[in-house]
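Raw contents of structure32.cif, mmCIF, C-alpha atoms:
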data_coords
#
loop_
_atom_site.label_atom_id
_atom_site.label_comp_id
_atom_site.auth_asym_id
_atom_site.auth_seq_id
_atom_site.Cartn_x
_atom_site.Cartn_y
_atom_site.Cartn_z
CA MET P 1 94.26 -24.89 -23.25
CA LEU P 2 97.65 -25.46 -21.63
CA THR P 3 97.45 -28.04 -18.84
CA LEU P 4 101.18 -28.00 -18.11
CA MET P 5 101.80 -27.23 -14.44
CA LEU P 6 104.40 -24.62 -13.56
CA LEU P 7 106.54 -27.31 -12.01
CA GLY P 8 110.05 -28.44 -12.57
CA CYS P 9 111.69 -31.33 -10.88
CA SER P 10 114.97 -33.02 -10.15
CA ALA P 11 115.39 -36.58 -11.41
CA SER P 12 117.83 -38.51 -9.26
CA ALA P 13 117.64 -42.01 -10.67
CA VAL P 14 120.28 -43.00 -13.22
CA GLU P 15 118.93 -45.68 -15.49
CA PRO P 16 121.07 -48.83 -15.74
CA VAL P 17 122.84 -49.37 -19.05
CA PRO P 18 120.89 -52.10 -20.88
CA THR P 19 122.75 -55.19 -21.99
CA PRO P 20 122.29 -55.76 -25.72
CA ALA P 21 121.13 -59.02 -27.25
CA THR P 22 123.73 -61.60 -28.21
CA GLY P 23 125.90 -60.68 -31.16
CA THR P 24 129.15 -61.71 -32.80
CA VAL P 25 132.51 -60.21 -31.97
CA ALA P 26 133.94 -58.52 -35.03
CA PRO P 27 137.35 -59.57 -36.37
CA ASN P 28 140.06 -57.13 -35.32
CA SER P 29 140.61 -56.05 -38.90
CA ARG P 30 136.99 -55.05 -39.46
CA LEU P 31 136.70 -53.45 -36.02
CA GLY P 32 139.69 -51.34 -36.94
CA LEU P 33 137.96 -50.22 -40.13
CA VAL P 34 134.77 -49.39 -38.24
CA ARG P 35 136.60 -47.29 -35.70
CA ALA P 36 138.56 -45.52 -38.41
CA THR P 37 135.32 -44.64 -40.23
CA VAL P 38 133.69 -43.34 -37.06
CA ASP P 39 136.76 -41.28 -36.15
CA ALA P 40 136.74 -39.81 -39.66
CA LEU P 41 133.03 -38.97 -39.41
CA VAL P 42 133.70 -37.01 -36.22
CA THR P 43 136.78 -35.30 -37.65
CA THR P 44 135.12 -34.21 -40.90
CA ALA P 45 131.99 -32.96 -39.13
CA ARG P 46 133.95 -30.88 -36.65
CA ALA P 47 136.14 -29.53 -39.45
CA GLY P 48 133.15 -28.48 -41.53
CA ASP P 49 134.13 -30.86 -44.32
CA ARG P 50 130.71 -31.83 -45.68
CA ALA P 51 132.07 -33.62 -48.75
CA GLY P 52 134.48 -35.64 -46.65
CA PHE P 53 131.66 -36.61 -44.27
CA TYR P 54 129.37 -37.73 -47.10
CA ARG P 55 132.14 -39.89 -48.62
CA LEU P 56 131.91 -42.00 -45.46
CA VAL P 57 128.15 -42.52 -45.85
CA SER P 58 126.69 -45.39 -47.87
CA GLU P 59 124.23 -44.59 -50.66
CA GLN P 60 122.62 -48.03 -50.48
CA ASP P 61 119.58 -46.64 -48.64
CA PRO P 62 118.52 -43.35 -50.31
CA SER P 63 116.29 -42.45 -47.36
CA PHE P 64 119.35 -42.27 -45.10
CA HIS P 65 120.71 -39.19 -46.86
CA ASP P 66 118.46 -36.80 -44.93
CA ARG P 67 119.43 -38.45 -41.67
CA ALA P 68 123.13 -38.15 -42.48
CA ARG P 69 122.65 -34.50 -43.37
CA LEU P 70 120.94 -33.90 -40.03
CA LEU P 71 123.84 -35.41 -38.11
CA TYR P 72 126.41 -33.45 -40.09
CA ASP P 73 124.54 -30.16 -39.65
CA ASN P 74 124.23 -30.64 -35.90
CA LEU P 75 127.74 -31.88 -35.25
CA SER P 76 129.36 -29.24 -37.44
CA THR P 77 127.57 -26.28 -35.82
CA LEU P 78 127.02 -27.05 -32.15
CA PRO P 79 129.52 -25.48 -29.69
CA LEU P 80 130.95 -28.82 -28.63
CA THR P 81 134.13 -28.75 -26.58
CA ARG P 82 134.50 -32.54 -26.83
CA LEU P 83 133.11 -35.16 -29.19
CA GLN P 84 134.25 -38.75 -29.39
CA MET P 85 132.60 -42.00 -30.50
CA ARG P 86 133.92 -45.37 -29.36
CA MET P 87 132.47 -48.44 -31.03
CA GLU P 88 132.09 -51.67 -29.08
CA PRO P 89 133.41 -54.84 -30.75
CA THR P 90 130.17 -56.85 -30.99
CA GLU P 91 128.21 -56.88 -34.26
CA PHE P 92 124.45 -57.53 -34.43
CA ALA P 93 122.47 -58.93 -37.32
CA LEU P 94 119.79 -56.76 -38.90
CA PRO P 95 116.12 -57.68 -39.34
CA ASP P 96 115.28 -59.35 -42.65
CA ALA P 97 113.72 -56.20 -44.13
CA ARG P 98 116.83 -54.16 -43.43
CA ARG P 99 119.14 -56.89 -44.73
CA LYS P 100 117.10 -56.94 -47.92
CA ALA P 101 117.43 -53.17 -48.27
CA LEU P 102 121.13 -52.92 -47.39
CA GLY P 103 122.49 -56.32 -48.36
CA SER P 104 123.86 -59.26 -46.43
CA SER P 105 127.09 -57.45 -45.54
CA ALA P 106 125.32 -54.90 -43.31
CA TRP P 107 125.27 -55.06 -39.54
CA ALA P 108 124.55 -52.91 -36.46
CA GLN P 109 126.99 -51.99 -33.75
CA ARG P 110 126.66 -50.18 -30.43
CA GLY P 111 128.87 -47.27 -29.53
CA VAL P 112 129.44 -44.78 -26.74
CA VAL P 113 129.41 -41.12 -27.67
CA THR P 114 131.19 -38.73 -25.33
CA TRP P 115 130.33 -35.07 -25.68
CA ARG P 116 130.60 -31.88 -23.73
CA LEU P 117 129.21 -28.36 -24.04
CA PRO P 118 130.35 -25.09 -22.49
CA GLY P 119 128.66 -25.07 -19.09
CA ASP P 120 128.94 -28.80 -18.51
CA GLY P 121 130.74 -29.71 -15.33
CA THR P 122 131.91 -32.96 -16.88
CA GLU P 123 131.64 -35.03 -20.04
CA VAL P 124 128.40 -36.79 -20.93
CA GLU P 125 128.39 -40.36 -22.26
CA GLN P 126 125.43 -41.86 -24.10
CA LEU P 127 124.74 -44.99 -26.13
CA ILE P 128 124.12 -44.92 -29.86
CA TRP P 129 123.60 -47.57 -32.53
CA LEU P 130 125.20 -47.33 -35.97
CA THR P 131 124.67 -49.50 -39.03
CA PHE P 132 127.57 -50.25 -41.35
CA LEU P 133 128.28 -51.72 -44.77
CA GLU P 134 131.59 -53.17 -45.87
CA ALA P 135 132.56 -53.16 -49.52
CA ALA P 136 135.89 -53.17 -51.35
CA GLY P 137 137.82 -52.95 -48.10
CA GLU P 138 135.88 -49.93 -46.88
CA VAL P 139 133.33 -49.56 -44.11
CA LYS P 140 130.64 -46.92 -44.53
CA LEU P 141 127.84 -45.63 -42.34
CA ALA P 142 124.46 -46.92 -43.56
CA GLY P 143 121.98 -46.19 -40.77
CA THR P 144 121.34 -45.09 -37.19
CA ASN P 145 117.98 -46.69 -36.37
CA ASP P 146 118.74 -50.40 -36.16
CA LYS P 147 118.92 -50.85 -32.41
CA PRO P 148 118.01 -54.46 -31.57
CA PRO P 149 114.74 -54.92 -29.65
CA GLY P 150 114.81 -55.18 -25.88
CA ASN P 151 117.41 -52.49 -25.26
CA GLY P 152 115.31 -50.23 -23.06
CA ASN P 153 114.89 -46.47 -23.02
CA SER P 154 118.44 -45.24 -22.63
CA GLN P 155 118.97 -41.50 -22.95
CA GLN P 156 119.63 -40.18 -26.44
CA PRO P 157 121.67 -37.10 -27.38
CA SER P 158 119.45 -34.21 -28.39
CA TRP P 159 121.48 -33.75 -31.59
CA TRP P 160 120.63 -37.35 -32.50
CA LEU P 161 116.90 -36.62 -32.65
CA GLY P 162 116.40 -33.60 -34.87
CA PRO P 163 117.77 -30.26 -36.08
CA LEU P 164 119.17 -28.06 -33.32
CA SER P 165 120.34 -24.49 -32.96
CA ALA P 166 122.50 -23.30 -30.09
CA ARG P 167 123.68 -20.19 -28.34
CA GLU P 168 125.91 -19.32 -25.40
CA ARG P 169 124.72 -16.33 -23.40
CA GLY P 170 125.41 -15.12 -19.88
CA GLY P 171 126.80 -18.45 -18.68
CA VAL P 172 124.03 -20.56 -20.22
CA THR P 173 124.45 -22.87 -23.20
CA VAL P 174 121.05 -23.34 -24.85
CA LEU P 175 120.16 -26.01 -27.42
CA VAL P 176 116.71 -25.81 -28.98
CA GLY P 177 114.91 -28.03 -31.45
CA SER P 178 112.80 -27.09 -34.44
CA GLY P 179 109.90 -24.76 -33.74
CA GLN P 180 111.44 -23.29 -30.59
CA SER P 181 112.59 -19.67 -30.39
CA LEU P 182 116.30 -19.65 -29.64
CA ASP P 183 116.23 -15.90 -28.94
CA ARG P 184 113.48 -16.24 -26.34
CA TRP P 185 114.92 -19.26 -24.57
CA ALA P 186 118.44 -17.78 -24.49
CA SER P 187 117.21 -14.42 -23.20
CA LEU P 188 115.04 -15.92 -20.45
CA ALA P 189 117.70 -18.43 -19.45
CA ALA P 190 120.38 -15.74 -19.11
CA ALA P 191 118.05 -13.59 -17.00
CA ALA P 192 117.12 -16.59 -14.86
CA LEU P 193 120.74 -17.49 -14.25
CA GLY P 194 121.53 -13.93 -13.22
CA ASN P 195 118.74 -14.03 -10.64
CA VAL P 196 119.81 -17.40 -9.26
CA ARG P 197 123.41 -16.26 -8.86
CA GLN P 198 122.14 -13.22 -6.96
CA GLN P 199 119.48 -14.92 -4.84
CA LEU P 200 121.19 -18.22 -3.95
CA PRO P 201 121.96 -17.98 -0.21
CA ALA P 202 125.50 -18.16 1.07
CA GLY P 203 126.35 -21.07 3.32
CA LEU P 204 125.18 -23.93 1.14
CA GLY P 205 128.77 -25.11 0.76
CA ILE P 206 128.14 -26.78 -2.60
CA PRO P 207 130.67 -26.12 -5.38
CA TRP P 208 129.20 -24.80 -8.63
CA ASN P 209 130.85 -23.25 -11.67
CA GLY P 210 127.96 -20.81 -12.10
CA ARG P 211 127.08 -22.17 -15.55
CA VAL P 212 124.15 -24.16 -16.93
CA VAL P 213 123.27 -26.27 -19.97
CA LEU P 214 119.64 -26.13 -21.13
CA GLU P 215 118.20 -28.46 -23.77
CA VAL P 216 114.78 -27.81 -25.32
CA PRO P 217 113.78 -30.70 -27.61
CA ALA P 218 111.37 -30.10 -30.47
CA THR P 219 108.64 -32.58 -29.46
CA GLN P 220 107.25 -34.42 -26.47
CA HIS P 221 108.70 -37.64 -27.86
CA ASP P 222 112.15 -36.08 -28.13
CA PHE P 223 111.80 -34.68 -24.59
CA GLU P 224 111.20 -38.18 -23.26
CA SER P 225 114.00 -39.61 -25.43
CA VAL P 226 116.56 -37.14 -24.06
CA LEU P 227 115.48 -38.09 -20.54
CA GLY P 228 115.42 -41.79 -21.38
CA LYS P 229 111.93 -42.12 -19.88
CA PRO P 230 108.85 -44.02 -21.10
CA ALA P 231 106.19 -42.08 -22.97
CA GLY P 232 103.79 -40.11 -20.81
CA ASN P 233 105.78 -40.03 -17.57
CA TYR P 234 106.62 -36.32 -17.70
CA THR P 235 103.77 -34.91 -19.76
CA SER P 236 102.73 -32.33 -17.15
CA ILE P 237 106.23 -31.37 -15.96
CA ALA P 238 107.62 -28.12 -17.38
CA ALA P 239 111.29 -29.03 -17.02
CA VAL P 240 113.59 -31.62 -15.45
CA THR P 241 117.09 -31.32 -14.01
CA HIS P 242 118.67 -34.73 -14.49
CA HIS P 243 121.81 -36.79 -14.68
CA ALA P 244 122.82 -36.60 -18.33
CA GLY P 245 124.42 -39.70 -19.76
CA ALA P 246 124.91 -43.34 -18.90
CA GLY P 247 127.36 -42.55 -16.10
CA GLY P 248 125.14 -39.86 -14.64
CA ALA P 249 127.94 -37.44 -13.78
CA GLY P 250 126.74 -34.48 -15.83
CA ILE P 251 123.72 -32.45 -14.74
CA ARG P 252 121.60 -30.62 -17.31
CA ILE P 253 118.17 -29.05 -17.57
CA VAL P 254 115.78 -30.45 -20.17
CA ALA P 255 112.67 -28.37 -20.83
CA ASN P 256 109.35 -29.74 -22.00
CA PRO P 257 108.71 -28.12 -25.41
CA LYS P 258 105.16 -27.34 -24.26
CA ALA P 259 106.66 -24.99 -21.67
CA ALA P 260 107.20 -22.48 -24.48
CA GLN P 261 103.46 -21.79 -24.23
CA LEU P 262 103.91 -20.32 -20.74
CA SER P 263 104.18 -16.58 -20.28
CA SER P 264 107.73 -15.26 -20.23
CA GLY P 265 107.51 -14.55 -16.51
CA ALA P 266 106.25 -18.03 -15.69
CA LEU P 267 108.81 -19.68 -17.94
CA GLN P 268 111.66 -17.71 -16.40
CA SER P 269 110.52 -18.81 -12.94
CA VAL P 270 110.58 -22.44 -14.08
CA LEU P 271 114.13 -22.01 -15.37
CA GLU P 272 115.22 -20.34 -12.12
CA HIS P 273 113.80 -23.26 -10.16
CA GLU P 274 115.71 -25.76 -12.29
CA MET P 275 118.94 -23.75 -12.11
CA VAL P 276 118.84 -24.00 -8.32
CA HIS P 277 118.80 -27.78 -8.77
CA VAL P 278 121.89 -27.50 -10.96
CA ALA P 279 123.63 -25.20 -8.48
CA THR P 280 122.94 -27.53 -5.56
CA ARG P 281 123.43 -30.74 -7.58
CA SER P 282 120.15 -31.96 -6.13
CA PRO P 283 120.02 -35.10 -8.32
CA ASP P 284 123.03 -36.26 -6.26
CA SER P 285 121.71 -35.08 -2.90
CA PRO P 286 120.52 -37.36 -0.07
CA ALA P 287 118.37 -34.49 1.23
CA PRO P 288 114.61 -35.16 1.35
CA ILE P 289 112.88 -34.02 -1.81
CA TRP P 290 110.75 -31.49 0.05
CA ALA P 291 113.95 -29.66 1.02
CA GLU P 292 115.34 -29.80 -2.54
CA GLU P 293 112.14 -28.60 -4.17
CA GLY P 294 111.32 -26.15 -1.42
CA LEU P 295 114.73 -24.48 -1.64
CA ALA P 296 114.46 -24.28 -5.43
CA GLU P 297 111.02 -22.65 -5.16
CA TRP P 298 112.18 -20.28 -2.43
CA VAL P 299 115.22 -19.08 -4.38
CA SER P 300 113.34 -18.72 -7.66
CA LEU P 301 110.47 -16.76 -6.07
CA ARG P 302 112.77 -14.41 -4.14
CA ALA P 303 113.51 -12.64 -7.40
CA HIS P 304 109.80 -12.00 -7.94
CA PRO P 305 108.33 -10.29 -4.84
CA GLY P 306 104.67 -10.98 -4.32
CA GLN P 307 104.65 -14.27 -6.22
CA ARG P 308 103.81 -17.52 -4.47
CA SER P 309 104.23 -21.17 -5.33
CA GLU P 310 101.42 -22.29 -7.62
CA GLY P 311 99.52 -24.48 -5.15
CA THR P 312 99.71 -22.15 -2.14
CA ASP P 313 96.05 -21.09 -2.21
CA ASP P 314 94.92 -24.72 -2.38
CA VAL P 315 97.20 -25.65 0.54
CA LEU P 316 95.73 -22.90 2.71
CA ILE P 317 92.18 -23.88 1.76
CA ARG P 318 92.93 -27.41 2.96
CA VAL P 319 94.47 -26.09 6.17
CA ARG P 320 91.28 -24.12 6.87
CA SER P 321 89.06 -27.15 6.28
CA ASP P 322 91.19 -30.06 7.52
CA GLY P 323 94.03 -28.54 9.52
CA PRO P 324 97.71 -28.42 8.53
CA PRO P 325 99.51 -31.52 7.23
CA SER P 326 101.01 -33.70 9.94
CA SER P 327 104.50 -33.67 8.42
CA PHE P 328 106.60 -32.26 5.64
CA PRO P 329 105.77 -33.79 2.23
CA ALA P 330 107.07 -37.32 1.64
CA ASP P 331 109.33 -38.10 -1.31
CA ARG P 332 106.59 -40.10 -3.05
CA GLN P 333 104.42 -36.98 -3.26
CA PHE P 334 106.91 -35.46 -5.73
CA GLN P 335 106.92 -38.30 -8.23
CA ALA P 336 106.05 -37.29 -11.78
CA GLY P 337 102.35 -37.86 -12.28
CA ALA P 338 101.58 -37.92 -8.54
CA ARG P 339 98.16 -36.69 -7.51
CA ASN P 340 98.15 -33.14 -6.10
CA LEU P 341 101.77 -32.59 -7.08
CA HIS P 342 101.31 -28.82 -6.92
CA LEU P 343 100.32 -29.09 -3.24
CA ALA P 344 103.57 -30.87 -2.39
CA TYR P 345 105.60 -28.14 -4.07
CA ALA P 346 103.69 -25.40 -2.28
CA GLU P 347 104.09 -27.11 1.10
CA ALA P 348 107.82 -27.49 0.45
CA TRP P 349 108.13 -23.81 -0.47
CA LEU P 350 106.19 -22.78 2.64
CA ALA P 351 108.49 -24.92 4.78
CA CYS P 352 111.62 -23.22 3.46
CA ARG P 353 110.00 -19.78 3.60
CA PHE P 354 109.05 -20.44 7.22
CA ILE P 355 112.62 -21.33 8.20
CA ALA P 356 114.04 -18.28 6.43
CA ASP P 357 111.42 -15.94 7.94
CA ARG P 358 111.40 -17.33 11.48
CA TYR P 359 115.14 -17.86 11.73
CA SER P 360 117.29 -16.51 8.88
CA GLU P 361 118.32 -17.10 5.28
CA ASN P 362 121.75 -18.22 6.47
CA GLN P 363 120.18 -20.76 8.82
CA LEU P 364 118.00 -22.07 6.00
CA ALA P 365 121.17 -22.52 3.93
CA GLY P 366 122.92 -24.23 6.82
CA PHE P 367 119.92 -26.49 7.44
CA TYR P 368 119.89 -27.55 3.78
CA ALA P 369 123.66 -28.06 3.80
CA GLN P 370 123.31 -30.45 6.72
CA LEU P 371 120.59 -32.42 4.93
CA ASP P 372 122.72 -32.43 1.77
CA ASP P 373 125.56 -33.88 3.86
CA GLY P 374 123.36 -36.83 4.78
CA ARG P 375 122.19 -35.70 8.22
CA SER P 376 118.68 -36.54 9.36
CA MET P 377 116.14 -33.76 9.65
CA ASP P 378 116.38 -33.95 13.44
CA GLU P 379 120.18 -33.67 13.35
CA ALA P 380 120.09 -30.80 10.84
CA SER P 381 117.45 -28.94 12.84
CA ARG P 382 119.27 -29.30 16.15
CA SER P 383 122.59 -28.28 14.60
CA THR P 384 121.42 -25.16 12.75
CA LEU P 385 118.16 -24.07 14.41
CA GLY P 386 118.68 -25.33 17.96
CA LEU P 387 115.50 -27.39 18.12
CA SER P 388 114.39 -30.92 17.34
CA GLY P 389 112.85 -31.99 14.07
CA THR P 390 109.57 -32.61 15.89
CA VAL P 391 109.47 -29.06 17.24
CA LEU P 392 110.36 -27.68 13.78
CA THR P 393 107.43 -29.58 12.28
CA THR P 394 105.10 -28.28 14.98
CA GLN P 395 106.21 -24.69 14.40
CA TRP P 396 105.69 -25.07 10.63
CA ARG P 397 102.17 -26.41 11.20
CA GLU P 398 101.39 -23.43 13.44
CA TYR P 399 102.78 -21.13 10.74
CA LEU P 400 100.40 -22.65 8.18
CA ASP P 401 97.51 -22.19 10.59
CA GLN P 402 98.38 -18.51 10.93
CA LEU P 403 98.65 -18.02 7.17
CA ALA P 404 95.31 -19.73 6.61
CA ARG P 405 93.52 -17.19 8.84
CA TYR P 406 94.20 -14.35 6.41
#
Would you give me this structure, written as structure tokens?
Amino acid sequence: MLTLMLLGCSASAVEPVPTPATGTVAPNSRLGLVRATVDALVTTARAGDRAGFYRLVSEQDPSFHDRARLLYDNLSTLPLTRLQMRMEPTEFALPDARRKALGSSAWAQRGVVTWRLPGDGTEVEQLIWLTFLEAAGEVKLAGTNDKPPGNGNSQQPSWWLGPLSARERGGVTVLVGSGQSLDRWASLAAAALGNVRQQLPAGLGIPWNGRVVLEVPATQHDFESVLGKPAGNYTSIAAVTHHAGAGGAGIRIVANPKAAQLSSGALQSVLEHEMVHVATRSPDSPAPIWAEEGLAEWVSLRAHPGQRSEGTDDVLIRVRSDGPPSSFPADRQFQAGARNLHLAYAEAWLACRFIADRYSENQLAGFYAQLDDGRSMDEASRSTLGLSGTVLTTQWREYLDQLARY
């Protein structure tokens, strides 16, 4: 039985870059060799030179061959428009077991990988750890899993975690892990983007290139690793729109692999919801979360007449028994794992639907634009709807009362 809720969300927090444990600064000569090896790894992979790539990989650890092949296959086939790796100068000693396997001349080093896909609004930077061996004046790659302990849960590139396939279609760049149907994801994502472009109201005033990057990791563990989140935090969330990378400038959608179990219609609705977050850059927005999530639900459901936000029936049942909520949902009600999360989404959708129905779609867009510009709800309501935030809340509560009677 699938317990995944038909909910997506926007993750606004950018995790701080962890400071690694104390290491030793490499001599300039060896740092130069390391950087030359890494540059050559990137160049050979992008050129499709498998033999050249493997010449830069140490054979000291036979189990590393499969890992090296994975990296080559991903980096040589993905539609990257930019790929660069910059190694930091500090070297870190390996655990005893790894030193025994690789030899005393092996060490680990942290780097920053910069990559970009068609559809990205900017480059994405993420941290990686590489293990090297020096012999006979050469430095070779010997591992990728020797990150020192205590370095947190920084985001990892999806191509770092497992085999990927990719496709560009209709303005969407889709990366999927093993076991996921690239055809299905690409088809649904392209249809979703077409609907969002058509249904997104004018007047939001937020620049968007009309393109999206969607990543679908192979496993729940990989899903959490791409997000840089602890295990279990997003188990019930179908997809997340987040700041990709250490700097947080890029915005991408990452889908929970379990979402593939949803019907095609439900999955497309989830993608439409997330694409609204990309279009409005909601991870950067100071607007209250109810407005962000409510607008995303409203736009995504406009393309599917007759559909309602998942928790609507439960909201109206509560209104009949306990009366309408006293205010719009608080930000804390949208936290991943929050109790009654589906009710918060439904209330947010009903709030935006109320504004669009009672006033107009353009006024809803203007109201959101004011909130996105940092105005308070009272200021935004007075400016675009001609009434105070208190009166707006009262009218919404009356609207819920009316809906609950039918």
* To do: Identify which of the residues P:Ser321, P:Gln199, P:Asn256, P:Ser63 lies closest to Gly143 in chain P, counting all atoms listed in the file when measuring atom-to-atom distances.
  =>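 Of P:Ser321, P:Gln199, P:Asn256, P:Ser63, the one nearest Gly143 in chain P, counting all atoms listed in the file, is P:Ser63.
CA of Ala259 in chain P sits 26.8 Å away from CA of Leu316 in chain P.
Residue nearest Ala190 in chain P, chosen from P:Met275, P:Ala344, P:Ile206, P:Cys352 and counting all atoms listed in the file: P:Met275.
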* Asked: Nearest to Ala365 in chain P among P:Ala36, P:Leu400, P:Ala296, P:Val226, with distances taken over only C-alpha atoms: which residue is it?
  ->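 Closest residue, counting only C-alpha atoms: P:Ala296.
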* Apply the PyMOL selection byres ((chain P and resi 157-163) around 9) to the structure shown and report the selected residues as JSON, numbers by chain. => {"P": [67, 70, 71, 73, 74, 75, 78, 113, 126, 127, 128, 155, 156, 164, 165, 175, 176, 177, 178, 215, 216, 217, 218, 222, 223, 225, 226, 245]}
Include C-alpha atoms and write out the residues we just selected as an mmCIF file, keeping the file's coordinate frame.
data_model
loop_
_atom_site.group_PDB
_atom_site.id
_atom_site.type_symbol
_atom_site.label_atom_id
_atom_site.label_comp_id
_atom_site.auth_asym_id
_atom_site.auth_seq_id
_atom_site.Cartn_x
_atom_site.Cartn_y
_atom_site.Cartn_z
ATOM 1 C CA ARG P 67 119.430 -38.450 -41.670
ATOM 2 C CA LEU P 70 120.940 -33.900 -40.030
ATOM 3 C CA LEU P 71 123.840 -35.410 -38.110
ATOM 4 C CA ASP P 73 124.540 -30.160 -39.650
ATOM 5 C CA ASN P 74 124.230 -30.640 -35.900
ATOM 6 C CA LEU P 75 127.740 -31.880 -35.250
ATOM 7 C CA LEU P 78 127.020 -27.050 -32.150
ATOM 8 C CA VAL P 113 129.410 -41.120 -27.670
ATOM 9 C CA GLN P 126 125.430 -41.860 -24.100
ATOM 10 C CA LEU P 127 124.740 -44.990 -26.130
ATOM 11 C CA ILE P 128 124.120 -44.920 -29.860
ATOM 12 C CA GLN P 155 118.970 -41.500 -22.950
ATOM 13 C CA GLN P 156 119.630 -40.180 -26.440
ATOM 14 C CA LEU P 164 119.170 -28.060 -33.320
ATOM 15 C CA SER P 165 120.340 -24.490 -32.960
ATOM 16 C CA LEU P 175 120.160 -26.010 -27.420
ATOM 17 C CA VAL P 176 116.710 -25.810 -28.980
ATOM 18 C CA GLY P 177 114.910 -28.030 -31.450
ATOM 19 C CA SER P 178 112.800 -27.090 -34.440
ATOM 20 C CA GLU P 215 118.200 -28.460 -23.770
ATOM 21 C CA VAL P 216 114.780 -27.810 -25.320
ATOM 22 C CA PRO P 217 113.780 -30.700 -27.610
ATOM 23 C CA ALA P 218 111.370 -30.100 -30.470
ATOM 24 C CA ASP P 222 112.150 -36.080 -28.130
ATOM 25 C CA PHE P 223 111.800 -34.680 -24.590
ATOM 26 C CA SER P 225 114.000 -39.610 -25.430
ATOM 27 C CA VAL P 226 116.560 -37.140 -24.060
ATOM 28 C CA GLY P 245 124.420 -39.700 -19.760
#
* Expressed in Å to a single decimal, how great is the separation between CA of Val42 in chain P and CA of Met85 in chain P? ->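 Interatomic distance, CA of Val42 in chain P to CA of Met85 in chain P: 7.7 Å.
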Have range 329-333 of chain P completed to all heavy atoms, please, and pass it along as a compact mmCIF listing (two decimals), keeping the file's coordinate frame.
# COMPACT_ATOMS: atom_id res chain seq x y z
N PRO P 329 106.16 -32.86 3.30
CA PRO P 329 105.77 -33.79 2.23
C PRO P 329 106.77 -34.95 2.08
O PRO P 329 107.99 -34.75 2.16
CB PRO P 329 105.77 -32.92 0.98
CG PRO P 329 105.64 -31.52 1.47
CD PRO P 329 106.32 -31.48 2.80
N ALA P 330 106.23 -36.14 1.86
CA ALA P 330 107.07 -37.32 1.64
C ALA P 330 107.61 -37.33 0.22
O ALA P 330 107.02 -36.73 -0.70
CB ALA P 330 106.25 -38.58 1.89
N ASP P 331 108.71 -38.04 0.01
CA ASP P 331 109.33 -38.10 -1.31
C ASP P 331 108.35 -38.57 -2.38
O ASP P 331 108.36 -38.07 -3.52
CB ASP P 331 110.55 -39.03 -1.29
CG ASP P 331 111.76 -38.40 -0.61
OD1 ASP P 331 111.65 -37.25 -0.14
OD2 ASP P 331 112.81 -39.07 -0.55
N ARG P 332 107.51 -39.53 -2.05
CA ARG P 332 106.59 -40.10 -3.05
C ARG P 332 105.61 -39.07 -3.58
O ARG P 332 105.08 -39.22 -4.70
CB ARG P 332 105.82 -41.28 -2.45
CG ARG P 332 104.85 -40.90 -1.35
CD ARG P 332 104.08 -42.09 -0.80
NE ARG P 332 103.14 -41.70 0.23
CZ ARG P 332 103.46 -41.52 1.50
NH1 ARG P 332 104.71 -41.70 1.89
NH2 ARG P 332 102.54 -41.16 2.39
N GLN P 333 105.37 -38.00 -2.83
CA GLN P 333 104.42 -36.98 -3.26
C GLN P 333 104.98 -36.12 -4.40
O GLN P 333 104.22 -35.37 -5.02
CB GLN P 333 104.04 -36.07 -2.08
CG GLN P 333 103.24 -36.78 -1.01
CD GLN P 333 102.97 -35.89 0.20
OE1 GLN P 333 103.50 -36.09 1.28
NE2 GLN P 333 102.13 -34.88 0.01
